[in-house]
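Structure file my_file-v7.pdb; described as PDB, C-alpha atoms and all ligand atoms.
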ATOM      1  CA  MET A 218     119.576 104.489  98.147
ATOM      2  CA  LYS A 219     123.117 104.577  99.518
ATOM      3  CA  ASP A 220     124.879 104.554  96.146
ATOM      4  CA  PRO A 221     123.023 106.541  93.455
ATOM      5  CA  GLU A 222     124.712 104.453  90.734
ATOM      6  CA  ASP A 223     122.751 101.461  92.004
ATOM      7  CA  ALA A 224     119.489 103.225  91.146
ATOM      8  CA  LEU A 225     120.645 103.657  87.566
ATOM      9  CA  LYS A 226     121.741 100.019  87.212
ATOM     10  CA  ILE A 227     118.438  98.782  88.618
ATOM     11  CA  ALA A 228     116.415 101.079  86.343
ATOM     12  CA  HIS A 229     118.331  99.943  83.208
ATOM     13  CA  ARG A 230     117.925  96.296  84.125
ATOM     14  CA  ALA A 231     114.194  96.759  84.804
ATOM     15  CA  VAL A 232     113.673  98.368  81.389
ATOM     16  CA  GLU A 233     115.710  95.619  79.666
ATOM     17  CA  LEU A 234     113.418  93.054  81.243
ATOM     18  CA  GLY A 235     110.327  94.901  80.021
ATOM     19  CA  PHE A 236     109.324  96.465  83.321
ATOM     20  CA  THR A 237     108.433 100.072  83.982
ATOM     21  CA  SER A 238     110.981 102.124  85.814
ATOM     22  CA  THR A 239     110.006 104.804  88.328
ATOM     23  CA  VAL A 240     111.995 106.842  90.767
ATOM     24  CA  GLY A 241     110.962 108.764  93.861
ATOM     25  CA  ILE A 242     112.709 111.507  95.771
ATOM     26  CA  ILE A 243     113.083 111.013  99.456
ATOM     27  CA  HIS A 244     111.240 113.383 101.751
ATOM     28  CA  ASP A 245     111.834 114.299 105.343
ATOM     29  CA  ASN A 246     109.497 113.373 108.191
ATOM     30  CA  ASN A 247     107.181 116.251 107.232
ATOM     31  CA  GLY A 248     106.849 115.110 103.619
ATOM     32  CA  GLN A 249     108.996 118.020 102.545
ATOM     33  CA  LEU A 250     111.759 118.400 100.042
ATOM     34  CA  LYS A 251     115.274 117.083 100.518
ATOM     35  CA  PRO A 252     117.281 118.443  97.514
ATOM     36  CA  LEU A 253     119.683 116.151  95.635
ATOM     37  CA  GLY A 254     123.402 116.765  95.050
ATOM     38  CA  SER A 255     124.537 117.495  91.467
ATOM     39  CA  HIS A 256     125.652 113.911  90.704
ATOM     40  CA  GLU A 257     122.424 112.533  92.181
ATOM     41  CA  GLN A 258     120.486 114.994  90.005
ATOM     42  CA  GLU A 259     122.169 113.692  86.829
ATOM     43  CA  ILE A 260     121.310 110.132  87.777
ATOM     44  CA  PHE A 261     117.786 111.130  88.670
ATOM     45  CA  GLU A 262     117.245 112.745  85.245
ATOM     46  CA  GLU A 263     118.633 109.657  83.504
ATOM     47  CA  VAL A 264     116.313 107.339  85.418
ATOM     48  CA  MET A 265     113.365 109.654  84.741
ATOM     49  CA  ALA A 266     114.160 109.561  81.006
ATOM     50  CA  LEU A 267     113.999 105.743  81.090
ATOM     51  CA  GLY A 268     110.420 105.897  82.335
ATOM     52  CA  LYS A 269     109.181 108.449  79.789
ATOM     53  CA  ARG A 270     106.702 106.145  78.121
ATOM     54  CA  SER A 271     104.999 104.983  81.303
ATOM     55  CA  PHE A 272     102.681 106.545  83.869
ATOM     56  CA  SER A 273     105.837 107.769  85.621
ATOM     57  CA  ARG A 274     105.898 110.778  83.300
ATOM     58  CA  PHE A 275     103.143 112.128  85.539
ATOM     59  CA  ASN A 276     105.833 112.623  88.158
ATOM     60  CA  GLU A 277     107.144 115.690  86.324
ATOM     61  CA  PHE A 278     106.996 117.720  89.517
ATOM     62  CA  GLN A 279     109.995 115.729  90.683
ATOM     63  CA  HIS A 280     112.273 117.648  88.301
ATOM     64  CA  ASN A 281     111.619 120.726  90.439
ATOM     65  CA  MET A 282     112.087 118.733  93.615
ATOM     66  CA  ALA A 283     115.459 117.359  92.485
ATOM     67  CA  ARG A 284     116.724 120.911  91.986
ATOM     68  CA  GLY A 285     115.376 122.126  95.301
ATOM     69  CA  ARG A 286     112.828 124.346  93.535
ATOM     70  CA  GLU A 287     109.350 124.974  94.789
ATOM     71  CA  HIS A 288     106.526 123.340  92.891
ATOM     72  CA  LYS A 289     103.303 125.139  91.948
ATOM     73  CA  TRP A 290     100.293 122.894  92.289
ATOM     74  CA  ARG A 291      97.035 122.518  94.170
ATOM     75  CA  CYS A 292      97.019 119.788  96.764
ATOM     76  CA  ARG A 293      93.513 118.310  96.926
ATOM     77  CA  SER A 294      94.195 116.048  99.886
ATOM     78  CA  GLY A 295      91.228 115.661 102.213
ATOM     79  CA  SER A 296      89.113 115.557  99.080
ATOM     80  CA  ARG A 297      90.500 113.578  96.124
ATOM     81  CA  TYR A 298      92.836 111.768  98.471
ATOM     82  CA  LEU A 299      92.170 110.713 102.072
ATOM     83  CA  TYR A 300      94.613 109.252 104.511
ATOM     84  CA  ILE A 301      92.831 107.153 107.139
ATOM     85  CA  CYS A 302      94.976 106.324 110.140
ATOM     86  CA  GLU A 303      94.820 103.305 112.437
ATOM     87  CA  ASP A 304      92.397 105.238 114.678
ATOM     88  CA  GLY A 305      89.930 105.708 111.816
ATOM     89  CA  LEU A 306      90.592 109.453 111.500
ATOM     90  CA  VAL A 307      90.805 111.303 108.190
ATOM     91  CA  HIS A 308      94.008 113.284 107.575
ATOM     92  CA  TRP A 309      95.328 115.180 104.551
ATOM     93  CA  CYS A 310      98.138 112.640 104.127
ATOM     94  CA  SER A 311     100.546 110.528 106.152
ATOM     95  CA  GLN A 312     102.770 113.576 106.712
ATOM     96  CA  GLN A 313     100.034 115.934 107.886
ATOM     97  CA  ARG A 314      98.124 114.042 110.520
ATOM     98  CA  GLY A 315      95.647 116.129 112.490
ATOM     99  CA  TYR A 316      94.411 118.046 109.437
ATOM    100  CA  PRO A 317      91.481 117.723 109.729
ATOM    101  CA  GLY A 318      91.665 114.662 112.064
ATOM    102  CA  ILE A 319      87.947 113.870 111.876
ATOM    103  CA  PRO A 320      86.542 110.307 112.267
ATOM    104  CA  LEU A 321      85.768 108.801 108.860
ATOM    105  CA  ALA A 322      82.143 108.075 109.836
ATOM    106  CA  GLU A 323      81.633 111.810 110.504
ATOM    107  CA  TYR A 324      83.439 113.033 107.390
ATOM    108  CA  THR A 325      80.764 114.652 105.254
ATOM    109  CA  PRO A 326      80.726 115.626 101.550
ATOM    110  CA  GLU A 327      80.734 119.275 102.698
ATOM    111  CA  MET A 328      83.999 118.647 104.551
ATOM    112  CA  ARG A 329      85.478 117.069 101.424
ATOM    113  CA  HIS A 330      84.408 120.056  99.363
ATOM    114  CA  ARG A 331      85.956 122.394 101.902
ATOM    115  CA  GLU A 332      89.298 120.585 101.774
ATOM    116  CA  TYR A 333      89.224 120.682  97.964
ATOM    117  CA  SER A 334      89.269 124.480  98.191
ATOM    118  CA  THR A 335      91.706 124.677 101.118
ATOM    119  CA  LYS A 336      95.197 125.939 100.338
ATOM    120  CA  LYS A 337      97.784 123.615 101.895
ATOM    121  CA  PHE A 338     100.701 125.460 103.489
ATOM    122  CA  CYS A 339     103.050 122.541 102.778
ATOM    123  CA  ALA A 340     102.363 122.241  99.018
ATOM    124  CA  ALA A 341     105.337 124.133  97.571
ATOM    125  CA  GLN A 342     107.902 121.655  98.891
ATOM    126  CA  CYS A 343     105.785 118.536  99.046
ATOM    127  CA  THR A 344     107.209 115.295  97.692
ATOM    128  CA  VAL A 345     104.223 113.033  98.400
ATOM    129  CA  SER A 346     103.838 111.794  94.853
ATOM    130  CA  CYS A 347     100.621 109.775  95.218
ATOM    131  CA  VAL A 348      98.663 112.903  96.197
ATOM    132  CA  GLN A 349     100.206 114.872  93.334
ATOM    133  CA  GLN A 350      99.264 112.124  90.874
ATOM    134  CA  VAL A 351      95.618 111.801  91.914
ATOM    135  CA  GLY A 352      95.134 115.561  91.737
ATOM    136  CA  ILE A 353      97.037 116.257  88.534
ATOM    137  CA  LEU A 354      93.991 117.379  86.551
ATOM    138  CA  ASP A 355      92.797 119.528  89.438
ATOM    139  CA  ASN A 356      95.759 121.850  89.027
ATOM    140  CA  TRP A 357      93.795 123.589  86.271
ATOM    141  CA  ARG A 358      90.555 123.636  88.225
ATOM    142  CA  ASP A 359      89.159 125.888  90.935
ATOM    143  CA  PRO A 360      91.631 128.054  92.889
ATOM    144  CA  GLN A 361      92.127 127.323  96.574
ATOM    145  CA  ASN A 362      91.168 130.286  98.730
ATOM    146  CA  LEU A 363      90.192 128.731 102.077
ATOM    147  CA  GLN A 364      92.506 128.504 105.084
ATOM    148  CA  PRO A 365      93.009 125.172 106.917
ATOM    149  CA  MET A 366      90.691 124.377 109.797
ATOM    150  CA  PRO A 367      92.470 124.287 113.202
ATOM    151  CA  MET A 368      94.429 121.075 113.656
ATOM    152  CA  THR A 369      92.842 118.381 115.824
ATOM    153  CA  PRO A 370      95.283 117.635 118.676
ATOM    154  CA  PRO A 371      96.345 113.985 118.960
ATOM    155  CA  ALA A 372      94.287 111.909 121.419
ATOM    156  CA  THR A 373      95.929 111.790 124.861
ATOM    157  CA  GLN A 374      94.653 108.321 125.649
ATOM    158  CA  GLN A 375      95.701 105.875 122.952
ATOM    159  CA  ALA A 376      93.570 102.761 122.690
ATOM    160  CA  GLU A 377      95.348  99.658 123.890
ATOM    161  CA  LEU A 378      97.388  98.226 121.021
ATOM    162  CA  VAL A 379      96.959  94.621 119.992
ATOM    163  CA  GLN A 380     100.196  92.723 120.370
ATOM    164  CA  ILE A 381     100.744  90.311 117.504
ATOM    165  CA  GLY A 382     102.288  87.064 118.622
ATOM    166  CA  GLN A 383     101.040  87.128 122.187
ATOM    167  CA  GLY A 384      98.294  84.613 121.570
ATOM    168  CA  ARG A 385      98.480  80.979 122.525
ATOM    169  CA  GLY A 386     101.240  79.087 120.844
ATOM    170  CA  PRO A 387     100.740  75.736 119.088
ATOM    171  CA  THR A 388      99.462  73.029 121.382
TER     172      THR A 388
HETATM  173  S1  LIG A 401     100.951 119.282 100.211
HETATM  174 FE1  LIG A 401      99.306 117.798 100.516
HETATM  175  S2  LIG A 401     100.246 115.807 100.205
HETATM  176 FE2  LIG A 401     101.893 117.263 100.475
HETATM  177  S3  LIG A 401     102.432 117.157 102.651
HETATM  178 FE3  LIG A 401     100.934 118.824 102.377
HETATM  179  S4  LIG A 401      98.954 117.876 102.711
HETATM  180 FE4  LIG A 401     100.393 116.210 102.368
END
Just give me the structure as structure tokens.
Amino acid sequence: MKDPEDALKIAHRAVELGFTSTVGIIHDNNGQLKPLGSHEQEIFEEVMALGKRSFSRFNEFQHNMARGREHKWRCRSGSRYLYICEDGLVHWCSQQRGYPGIPLAEYTPEMRHREYSTKKFCAAQCTVSCVQQVGILDNWRDPQNLQPMPMTPPATQQAELVQIGQGRGPT
């Protein structure tokens, strides 16, 4: 948001109207942390406090993110969470395409179990909140001691894309 004050106004208005207020921290194109300035941090904490009674309290990791601190957690992507791209390949998440980059039809339970125990190199500064939310209870479960499988390189030949709007017009 261009003006951080706008976020606060919107959050207050949402709560007044009986809605739940949530806030997310922007990440870069690798899903990694982009720390907030001090004024933005104050606003962030105020908006977070407004959402204390809702599911948004499960975004606690964002307090670390706002301060530019690393977050300790176990990313279970590739297991609890799958990102399936337009080519039908399974990836850890939208920011880490190519890991493992296997077609969904060939993705076995053993592969899921492997990813559950795979330590993700990008976890400490990750801001992808949906993956953190689905795996919140797994932070207390099994340690991750496997290394990632080699990344699958992107396909050189992309399938021909369907152009929307190129069909026949009204007759
Ligand atoms: S830690 Fe997990 S969710 Fe975050 S960028 Fe890495 S693979 Fe994606």
Which residues would end up in the selection if the PyMOL selection byres (((chain A and resi 333-344) around 6) and not hetatm) were applied here, given that I need the answer as a PyMOL selection string?
chain A and resi 248-250+287-288+293+296+330-332+345-346+361+363-365
Between CA of Lys289 in chain A and CA of Cys347 in chain A, measure the distance and give it in Å to one decimal.
15.9 Å
Step by step, gather every atom of ligand LIG 401 (chain A) that the file lists, find the box along x, y and z that holds them, add 6 Å on each side, and finally give centre and edge lengths in Å to one decimal, as JSON.
{"center_x": 100.7, "center_y": 117.5, "center_z": 101.5, "size_x": 15.5, "size_y": 15.5, "size_z": 14.5}
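Residues matched by the PyMOL selection byres (((chain A and resi 357) around 12) and not hetatm) in this structure: Lys289, Trp290, Arg291, Cys292, Arg293, Gly352, Ile353, Leu354, Asp355, Asn356, Arg358, Asp359, Pro360 and Gln361 of chain A.
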Translate the PyMOL selection byres (((chain A and resi 218-232) around 7) and not hetatm), as applied to the file shown, into an explicit residue set as a PDB file with C-alpha atoms, in the coordinates of the input.
ATOM      1  CA  GLU A 233     115.710  95.619  79.666  1.00  0.00           C
ATOM      2  CA  LEU A 234     113.418  93.054  81.243  1.00  0.00           C
ATOM      3  CA  GLY A 235     110.327  94.901  80.021  1.00  0.00           C
ATOM      4  CA  PHE A 236     109.324  96.465  83.321  1.00  0.00           C
ATOM      5  CA  THR A 237     108.433 100.072  83.982  1.00  0.00           C
ATOM      6  CA  SER A 238     110.981 102.124  85.814  1.00  0.00           C
ATOM      7  CA  GLU A 257     122.424 112.533  92.181  1.00  0.00           C
ATOM      8  CA  ILE A 260     121.310 110.132  87.777  1.00  0.00           C
ATOM      9  CA  VAL A 264     116.313 107.339  85.418  1.00  0.00           C
TER      10      VAL A 264
END
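Counting only C-alpha atoms and comparing A:Gln279, A:Ser255, A:Gln312, A:Ser294, the residue that lies closest to Val351 in chain A is A:Ser294.
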Selected residue of minimal separation from ligand LIG 401 (chain A) among A:Gly315, A:Pro367, A:Pro320, A:Pro326, counting all atoms listed in the file:
A:Gly315
